[in-house]
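Text of query.cif, listed as mmCIF, C-alpha atoms:
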```cif
data_work
#
loop_
_atom_site.label_atom_id
_atom_site.label_comp_id
_atom_site.auth_asym_id
_atom_site.auth_seq_id
_atom_site.Cartn_x
_atom_site.Cartn_y
_atom_site.Cartn_z
CA MET A 1 -12.50 -24.54 18.42
CA SER A 2 -10.83 -21.13 18.36
CA GLY A 3 -11.69 -20.88 14.66
CA LEU A 4 -15.35 -21.69 15.29
CA ARG A 5 -15.51 -19.25 18.18
CA GLY A 6 -13.89 -16.66 15.97
CA LEU A 7 -16.44 -17.16 13.20
CA LEU A 8 -19.35 -16.88 15.63
CA PHE A 9 -17.84 -13.78 17.19
CA GLN A 10 -17.24 -12.18 13.79
CA ILE A 11 -20.86 -12.71 12.77
CA ALA A 12 -22.10 -11.26 16.07
CA PHE A 13 -19.61 -8.38 15.90
CA LEU A 14 -20.61 -7.32 12.38
CA ALA A 15 -24.34 -7.63 13.03
CA TRP A 16 -24.19 -5.72 16.32
CA SER A 17 -21.89 -3.02 14.95
CA THR A 18 -24.28 -2.47 12.02
CA LEU A 19 -27.20 -2.02 14.42
CA ILE A 20 -25.22 0.42 16.55
CA ALA A 21 -24.21 2.40 13.45
CA LEU A 22 -27.84 2.68 12.37
CA TYR A 23 -28.91 3.73 15.87
CA SER A 24 -26.19 6.41 15.78
CA LEU A 25 -27.86 8.10 12.80
CA ILE A 26 -30.23 10.08 15.04
CA PRO A 27 -27.57 11.81 17.19
CA LEU A 28 -25.43 12.11 14.05
CA ILE A 29 -28.13 14.07 12.25
CA LEU A 30 -28.59 16.23 15.34
CA GLY A 31 -24.84 16.71 15.72
CA ASN A 32 -25.02 15.53 19.34
CA ARG A 33 -21.37 14.78 20.08
CA ALA A 34 -21.93 13.83 23.73
CA GLN A 35 -24.51 11.20 22.81
CA ILE A 36 -22.26 9.80 20.07
CA PHE A 37 -19.43 9.47 22.59
CA ALA A 38 -21.82 7.64 24.93
CA ILE A 39 -22.87 5.27 22.14
CA GLY A 40 -19.21 4.64 21.33
CA LYS A 41 -18.52 3.66 24.94
CA PHE A 42 -21.54 1.37 24.97
CA TRP A 43 -20.40 -0.25 21.69
CA SER A 44 -16.91 -0.80 23.10
CA ASP A 45 -18.25 -2.38 26.30
CA SER A 46 -20.63 -4.59 24.33
CA ILE A 47 -17.85 -5.81 22.02
CA ASN A 48 -15.85 -6.91 25.04
CA TRP A 49 -18.97 -8.65 26.37
CA LEU A 50 -19.26 -10.56 23.08
CA LEU A 51 -15.57 -11.49 23.21
CA ARG A 52 -15.96 -12.85 26.72
CA ARG A 53 -19.21 -14.73 26.13
CA ILE A 54 -18.44 -16.19 22.71
CA ALA A 55 -14.66 -16.55 22.60
CA GLY A 56 -13.66 -16.68 26.26
CA ILE A 57 -11.50 -13.58 25.86
CA THR A 58 -11.30 -11.12 28.75
CA TYR A 59 -9.13 -8.03 29.13
CA ARG A 60 -7.02 -6.32 31.78
CA ILE A 61 -5.79 -2.72 31.87
CA GLU A 62 -2.50 -2.15 33.70
CA GLY A 63 -0.69 1.04 34.69
CA VAL A 64 -3.65 3.43 34.74
CA GLU A 65 -1.81 5.36 37.44
CA HIS A 66 0.57 6.56 34.72
CA ILE A 67 -2.18 8.39 32.83
CA PRO A 68 -2.10 12.11 33.70
CA GLN A 69 -5.18 14.23 34.23
CA GLY A 70 -6.18 16.48 31.37
CA ALA A 71 -4.75 16.45 27.88
CA ALA A 72 -2.13 13.81 27.10
CA LEU A 73 -0.88 11.94 24.08
CA ILE A 74 -1.41 8.17 24.33
CA ALA A 75 1.11 6.46 22.00
CA SER A 76 0.09 2.85 21.64
CA LYS A 77 1.18 -0.27 19.85
CA HIS A 78 -1.47 -1.30 17.33
CA GLN A 79 -2.27 -4.95 16.60
CA SER A 80 -6.04 -5.19 16.40
CA LEU A 81 -9.35 -3.42 15.91
CA TRP A 82 -9.75 -3.94 19.66
CA ASP A 83 -7.14 -1.23 20.28
CA THR A 84 -9.29 1.48 18.71
CA ALA A 85 -12.48 0.21 20.34
CA ILE A 86 -11.20 0.04 23.92
CA VAL A 87 -10.14 3.70 24.08
CA LEU A 88 -13.77 4.72 23.54
CA ALA A 89 -14.55 3.08 26.89
CA LEU A 90 -11.37 4.07 28.74
CA PHE A 91 -11.38 7.79 27.97
CA ARG A 92 -14.07 10.42 27.85
CA GLY A 93 -14.22 11.78 24.31
CA PRO A 94 -10.84 10.60 23.01
CA ALA A 95 -9.45 12.11 19.81
CA ILE A 96 -7.96 9.30 17.71
CA VAL A 97 -5.37 10.06 15.04
CA MET A 98 -6.57 8.08 12.03
CA LYS A 99 -6.06 7.63 8.30
CA GLN A 100 -8.07 10.08 6.24
CA GLU A 101 -9.31 7.20 4.06
CA LEU A 102 -11.44 5.98 6.98
CA LEU A 103 -13.61 9.09 6.69
CA LYS A 104 -14.95 7.71 3.41
CA ILE A 105 -16.66 4.78 5.18
CA PRO A 106 -20.43 5.43 5.25
CA ILE A 107 -21.80 6.52 8.65
CA TYR A 108 -18.50 5.67 10.38
CA GLY A 109 -16.68 8.53 8.65
CA ALA A 110 -19.42 11.00 9.55
CA LEU A 111 -19.38 9.82 13.17
CA CYS A 112 -15.61 10.39 13.30
CA ARG A 113 -16.01 13.93 12.00
CA VAL A 114 -18.65 14.83 14.58
CA GLN A 115 -16.47 13.40 17.36
CA GLY A 116 -13.52 15.52 16.27
CA MET A 117 -11.22 12.63 15.39
CA ILE A 118 -7.92 13.69 13.83
CA ALA A 119 -7.72 12.60 10.20
CA VAL A 120 -4.31 12.46 8.54
CA ASP A 121 -3.62 12.59 4.81
CA ARG A 122 -0.36 10.67 4.74
CA ALA A 123 0.40 11.87 1.21
CA GLY A 124 -0.56 15.48 1.87
CA GLY A 125 2.83 16.86 2.90
CA ALA A 126 3.17 20.09 4.86
CA LYS A 127 -0.46 21.10 4.36
CA ALA A 128 -1.69 17.84 5.85
CA LEU A 129 0.70 18.19 8.80
CA LYS A 130 -0.56 21.71 9.49
CA SER A 131 -4.16 20.48 9.45
CA MET A 132 -3.36 17.58 11.78
CA LEU A 133 -1.62 19.85 14.27
CA LYS A 134 -4.52 22.32 14.30
CA SER A 135 -7.02 19.54 14.99
CA ALA A 136 -4.76 18.16 17.72
CA ARG A 137 -4.41 21.58 19.38
CA ASP A 138 -8.19 21.96 19.44
CA ALA A 139 -8.59 18.55 21.07
CA ALA A 140 -5.85 19.21 23.62
CA ALA A 141 -7.39 22.58 24.49
CA GLU A 142 -10.55 20.67 25.45
CA GLY A 143 -8.52 18.48 27.81
CA ARG A 144 -9.08 15.37 25.70
CA LYS A 145 -6.77 12.37 25.44
CA LEU A 146 -5.21 12.11 21.98
CA ILE A 147 -4.64 8.54 20.79
CA ILE A 148 -1.93 7.81 18.23
CA PHE A 149 -0.49 4.59 16.91
CA PRO A 150 3.08 5.73 16.21
CA GLN A 151 3.83 2.93 13.77
CA GLY A 152 0.89 4.06 11.67
CA THR A 153 -0.65 0.64 11.06
CA ARG A 154 -1.56 -2.65 12.67
CA THR A 155 1.31 -5.08 13.10
CA LEU A 156 1.47 -8.75 14.00
CA PRO A 157 2.98 -9.80 17.35
CA GLY A 158 6.76 -9.77 16.94
CA GLN A 159 6.60 -7.95 13.60
CA PRO A 160 8.98 -4.97 13.37
CA HIS A 161 7.74 -1.74 11.83
CA ALA A 162 9.24 1.75 11.72
CA TYR A 163 7.93 4.50 13.99
CA GLN A 164 6.48 7.35 11.94
CA PRO A 165 7.38 11.04 12.43
CA GLY A 166 3.81 12.18 13.17
CA VAL A 167 4.09 11.38 16.88
CA ALA A 168 7.22 13.54 17.16
CA ALA A 169 5.46 16.45 15.45
CA LEU A 170 2.55 16.23 17.90
CA TYR A 171 4.90 15.92 20.88
CA ARG A 172 6.88 19.00 19.84
CA ASP A 173 3.82 21.11 19.00
CA LEU A 174 1.46 20.22 21.85
CA LYS A 175 3.98 20.19 24.68
CA ILE A 176 2.00 17.62 26.66
CA PRO A 177 3.16 14.33 28.23
CA VAL A 178 3.19 11.16 26.15
CA VAL A 179 2.11 7.83 27.66
CA PRO A 180 3.62 4.78 25.87
CA VAL A 181 1.42 1.68 25.66
CA ALA A 182 2.18 -1.98 25.02
CA LEU A 183 -0.53 -4.57 24.33
CA ASN A 184 -1.07 -8.12 23.15
CA SER A 185 -4.42 -7.90 21.33
CA GLY A 186 -2.96 -9.36 18.13
CA PHE A 187 -2.82 -12.81 19.74
CA PHE A 188 -6.59 -12.80 20.33
CA TRP A 189 -8.06 -10.62 17.56
CA PRO A 190 -5.53 -10.72 14.70
CA LYS A 191 -5.55 -8.45 11.66
CA HIS A 192 -6.38 -11.42 9.43
CA GLY A 193 -8.09 -14.73 10.10
CA LEU A 194 -10.76 -15.89 12.52
CA LYS A 195 -8.79 -17.61 15.27
CA ARG A 196 -9.81 -16.33 18.69
CA PRO A 197 -7.94 -18.33 21.36
CA ALA A 198 -9.35 -17.94 24.86
CA GLY A 199 -7.22 -15.78 27.13
CA THR A 200 -6.69 -12.25 28.38
CA ILE A 201 -5.93 -9.16 26.33
CA VAL A 202 -3.56 -6.93 28.30
CA MET A 203 -3.15 -3.20 27.70
CA ARG A 204 -0.15 -1.92 29.64
CA PHE A 205 0.29 1.84 30.19
CA LEU A 206 3.89 2.84 30.90
CA PRO A 207 5.24 5.87 32.80
CA ALA A 208 4.62 9.12 30.93
CA ILE A 209 7.41 10.78 28.97
CA PRO A 210 7.44 14.45 30.00
CA ALA A 211 7.23 17.29 27.51
CA GLY A 212 10.33 19.21 26.48
CA LEU A 213 12.74 16.58 25.15
CA ASP A 214 14.43 17.10 21.81
CA ARG A 215 13.08 15.11 18.87
CA GLU A 216 15.85 12.51 18.69
CA THR A 217 15.83 11.82 22.43
CA PHE A 218 12.03 11.58 22.51
CA MET A 219 11.76 9.18 19.58
CA ALA A 220 14.53 6.93 20.91
CA ARG A 221 12.96 6.84 24.37
CA LEU A 222 9.44 6.20 23.04
CA GLU A 223 10.48 3.33 20.81
CA THR A 224 12.76 1.76 23.42
CA GLU A 225 10.15 1.87 26.16
CA ILE A 226 7.31 0.53 24.01
CA GLU A 227 9.35 -2.22 22.35
CA THR A 228 10.94 -3.37 25.62
CA ALA A 229 7.55 -3.64 27.33
CA GLN A 230 6.06 -5.17 24.20
CA ALA A 231 8.67 -7.93 24.03
CA ALA A 232 8.08 -8.82 27.68
CA LEU A 233 4.30 -8.84 27.29
CA GLU A 234 4.41 -10.96 24.15
CA ALA A 235 6.72 -13.47 25.84
CA GLU A 236 4.28 -13.70 28.78
CA THR A 237 1.36 -14.20 26.39
CA ARG A 238 3.05 -16.92 24.35
CA ALA A 239 3.95 -18.82 27.53
CA LYS A 240 0.33 -18.68 28.77
CA LEU A 241 -1.12 -19.75 25.44
CA LYS A 242 1.13 -22.82 25.41
CA THR A 243 -0.13 -24.05 28.77
#
```
Represent the structure of the file as structure tokens.
Amino acid sequence: MSGLRGLLFQIAFLAWSTLIALYSLIPLILGNRAQIFAIGKFWSDSINWLLRRIAGITYRIEGVEHIPQGAALIASKHQSLWDTAIVLALFRGPAIVMKQELLKIPIYGALCRVQGMIAVDRAGGAKALKSMLKSARDAAAEGRKLIIFPQGTRTLPGQPHAYQPGVAALYRDLKIPVVPVALNSGFFWPKHGLKRPAGTIVMRFLPAIPAGLDRETFMARLETEIETAQAALEAETRAKLKT
């Protein structure tokens, strides 16, 4: 049944997302960033409605008290497309650090540019790093939340993957707190396949890491805190899915 629910959800998701993208063309042409942000929030909320109605998947956000006011760097585990969608509803005008290749996607890439998302050319060396930091400074100066997936890609639950240096560069340059995040979305909306078991996606915000630590201390603390919370959350999820 989870496979059938997943197929139905995927059809609904793709059809609805296409309609939303087409509707976004008007504010995109006008360059209306505020309206595009509002459409993004609506799309995120509607995707979670589809998940709940079709697949029996709900979500819960924990630890919101750890999110500081104003600019902050949200460093999250990344297992699913859900992770990038939910931040559009949680934060007002978030700036997501993303692969530059995504800007080539029709309509979507243009929407990301208008919203001031932070594109990274992972093969661009020092020039690309300089561009990323400038975009991040601009977003932070506006008081926006910057979203980064420090492992740089989606991973399966329990799959190890190295933490990339980009998060350390942003931490050092921006001098703003970093909020680690663990989540279990990969159990319910995996990178590959259509299985959508009923259950609850949990996004768990952890206490913020203050600015000012040296690079080695920061990276060790970030990875330890995320992976410790991640292991606990995944164990909880596996136990619930077995019952």
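Between CA of Ala85 (chain A) and CA of Lys240 (chain A) the separation is 24.3 Å.
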Check your understanding: When distances are computed from all atoms listed in the file, which of A:Lys195, A:Lys145, A:Ala126, A:Ala72 shows the smallest separation from Leu7 (chain A)?
Key -> A:Lys195
**Study point:** Best match for closeness to Pro150 (chain A) among A:Trp43, A:Val178, A:Pro27, A:Ala21, counting all atoms listed in the file
**Key:** A:Val178
Review point. Between A:Ala95, A:Ala75, A:Leu156, A:Ala162, which is the closest to Ile226 (chain A) once you count all atoms listed in the file?
Key: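 Going through A:Ala95, A:Ala75, A:Leu156, A:Ala162 one by one, the smallest distance to Ile226 (chain A) is for A:Ala75.
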Study note, to complete from the structure: Restricting to all atoms listed in the file, whichever of A:Thr224, A:Asn184, A:Gln69, A:Gln151 is closest to Gly166 (chain A) is A:Gln151
Revision key, fill the gap. Computed gap from CA of Glu142 (chain A) to CA of Arg172 (chain A) is 18.4 Å
Exercise for review: Spell out the residues picked by the PyMOL selection byres ((chain A and resi 55) around 12) here, as a ChimeraX atom specification.
Suggested key: /A:1-10,12-13,47-54,56-58,188-189,194-200
Practice item. Please write the residues picked by the PyMOL selection byres ((chain A and resi 127-134) around 12) on this file as a ChimeraX atom specification. Key: /A:95-100,116-126,135-141,146,148,165-175
Review point. The PyMOL selection byres ((chain A and resi 231) around 12) on the file shown: which residues, as a ChimeraX atom specification?
Key: /A:77,157-160,182-184,223-230,232-238
Practice item. Just give me the gap between CA of Asp45 (chain A) and CA of Leu103 (chain A) in Å, one decimal is fine. Key: 23.2 Å
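Using all atoms listed in the file, the shortest contact distance between Gln79 (chain A) and any of A:Leu14, A:Ala211, A:Ile67, A:Ile201 is found at A:Ile201.
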